[in-house]
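Asker: Here's a structure for you.
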Amino acid sequence: MTRHGGSTAAQTAARGVSRAERLALSTRLTAGWHDSDRRASLRAHHDRYGPLPQHGTGRHGTLIDAVTHAGLTGRGGAGFPTGVKMRSVASRRGQPVVVANGMESEPASEKDKALLARAPHLVLDGAVLAATAIGAGAVHLCLPRSREWLIAIARQAVAERERFGADQVAIEVHGMPHQYVSSEETSVVHWLNGGEARPTAVPPRPYEKGVAGRPTLLDNVETLAHVALIARIGPAWYRQAGLADAPGTMLTTISGAVDAPGVYEIEVGTPIGEVLDRSGTPLDAGPLLIGGYFGTWHDAQEVAGLPMAETALRPVGASPGAGVLVALPRDACGLAETARVLAWLAAQGAGQCGPCVYGLPAIADDFAQLASGRPKGPVLDRLDRRLSTVIGRGACRHPDGAVRLAGSALRAFAADVKSHVSRRVCLSARRGERRAAVLPIPRPADQEAWL
Amino acid sequence: MRHQLAVNPIACTGHGICAEMLPELIGLDEWGYPILAEHDVPRHLTALARRAVRLCPTLALRLEAANAERTVPTGGAHDPVRAGARQASNGQKAGPR
């Protein structure tokens, strides 16, 4: 099944490695999570993982070398090679800054909250190690200010570290406005610079000029947690999990019509069917959303054998994204669910770019017509035109994500599209509001809160 | 030297002067916002393109060196396959609509 070589769950199973041993390979970030329901103290963290490695050329070379050889890629959704990003920032003039992005505005994603709530020191280690490696003078951990409980945990963890005194860089924890697009890297930087938490036009990107005009390394909190482990144990160990071209482990959030929804750590490249099986998702469940609300819809059975990894999923137009997997129940209407999410996404734009401000609501409206089986005029033609018009024409990738979701829904639910366009809606769409929606939509956030 | 047109989508407020001046290279979507040709500005239109850049009321339009290679991290991008190609130019399918 795998074209990539390396060690996959399927191959290790074939070699007679037990499931328990496979699980051990995939409990790196999540070790000890089920021992207690509290965050790991600094002492417990050191007991489990050892002390913070001191900077300089360890036996793995510099940290940047180690992270590069490990093949770690970003876990915030874009999947950019972390070592390359670190090297880019470190090579620029001016003292850099590190930003740990814990905003997690993706509604169906829980992994970053879970990681910070259970193992904040893994994240903070990674941030501090990265800062030392690139010569940064400060670390900023950004969290939504509405998650006061999480901010409290982060601040307690920082206070513990200050008492312990091993960090060479100071860490500041910030509570930011929590709009969907506020988690985008330029939004975070803009806000840290005193502006609103809205995306800015690029160039320059944060790695060139970010916080206080300095080269800024902005990484997802999970990415930094992996950095913390690579720094301790090395790239060879890191690559023991996952695939040769997609090494390591990743956190996924599995939800929807599943027995045990939650955050699961998997080896990158684990077949999707096996991932779903861990959460008790039947393969004959309804449609599967992969990646996030900027992701794509698929038939679970068709993708069950595919590795959860970037290159493996690209041929079916998917990407692991932020590790989100949502399984709809069999009788759910994928068009109705998509219409709801698109309406929300349309309202979540920063309101800065014409094609997004006007295009997303128009697309959402077309989709609503489709979902309700009351199309006005040639709705499919309009959608087709609007989807290709809007993509790529905003300052950030928000409209692109919505377009991607809409386009994939039209493809994955083509049979439903045909019926709905002929005003024959499926039973669940007819049930309308009475049916419990599956994909979570956050409560309306404070509309004024961009600062 | 080859040039390409690019627009800052935040600064752009859809005046449409650029499309009036350069219909060969700039069209407008149904909401009045510019869709730029992705190919280079032909030599004979370069002067006109420069004029359009100067006349944009919000200075959103710019002319830059063609194929400014962006091997940049795309952090926060929702579609990594497209993101790298879309960064600087925010171009669209060629030609006016």
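Following the order of the structure tokens, chains are lettered A, B, ..., residues in each are numbered from 1, and ligands are numbered from 1.
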Listing only residues of chain A within 6 Å of chain B, what is the closest atom pair and its distance in Å (to one decimal) for each, using only C-alpha atoms, sorted by chain and residue number ascending, as a Markdown table?
Answerer:
| residue | atom | partner | partner_atom | distance |
| --- | --- | --- | --- | --- |
| A:Ala78 | CA | B:Ala77 | CA | 5.3 |
| A:Glu184 | CA | B:Gly76 | CA | 5.0 |
| A:Glu185 | CA | B:Gly76 | CA | 5.6 |
| A:Gln352 | CA | B:Ile10 | CA | 5.2 |
| A:Cys353 | CA | B:Ile10 | CA | 5.0 |
| A:Gly392 | CA | B:Asn90 | CA | 5.7 |
| A:Arg393 | CA | B:Asn90 | CA | 5.3 |
| A:Gly394 | CA | B:Pro9 | CA | 5.8 |
| A:Ala395 | CA | B:Pro9 | CA | 5.7 |
| A:Arg397 | CA | B:Ala77 | CA | 5.5 |
| A:Gly401 | CA | B:His78 | CA | 5.6 |
Asker: For the residues selected in the previous step, produce a file with C-alpha atoms as a short mmCIF file (atom, residue, chain, number, x, y, z; two decimals), in the first residue's frame.
Answerer:
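again.cif was written with the following content:
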data_model
loop_
_atom_site.label_atom_id
_atom_site.label_comp_id
_atom_site.auth_asym_id
_atom_site.auth_seq_id
_atom_site.Cartn_x
_atom_site.Cartn_y
_atom_site.Cartn_z
CA ALA A 78 0.45 24.50 6.10
CA GLU A 184 -3.27 33.44 10.71
CA GLU A 185 0.39 34.30 11.10
CA GLN A 352 -10.59 43.71 4.08
CA CYS A 353 -10.60 42.30 0.57
CA GLY A 392 -6.26 33.41 -4.49
CA ARG A 393 -7.53 36.97 -4.51
CA GLY A 394 -7.55 37.77 -0.81
CA ALA A 395 -4.67 38.87 1.34
CA ARG A 397 -5.90 32.09 2.57
CA GLY A 401 -10.12 27.54 2.34
#
Asker: Could you name the residues that touch Leu224 in chain A at 10 Å or less, counting only C-alpha atoms, but leaving out those on the same chain fewer than 5 positions away, as a PyMOL selection string?
Answerer: chain A and resi 72+74-75+82+100-101+122-130+218-219+229-230
Asker: Would you mind writing down, as number ranges by chain, each residue of range 109-251 of chain A that DSSP on the backbone assigns to alpha helix (DSSP H)?
Answerer: A: 111-118, 120-134, 148-164, 185-192, 221-233, 235-238
Asker: Quick one: pick out all strand (DSSP E or B) residues within range 264-440 of chain A from a backbone DSSP run and write them as a list in words.
Answerer: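 Taking range 264-440 of chain A and keeping strand (DSSP E or B) gives Tyr264, Glu265, Ile266, Glu267, Pro271, Leu288, Leu289, Ile290, Gly291, Thr296, Trp297, His298, Pro307, Val324, Leu325, Val326 and Ala327 of chain A.
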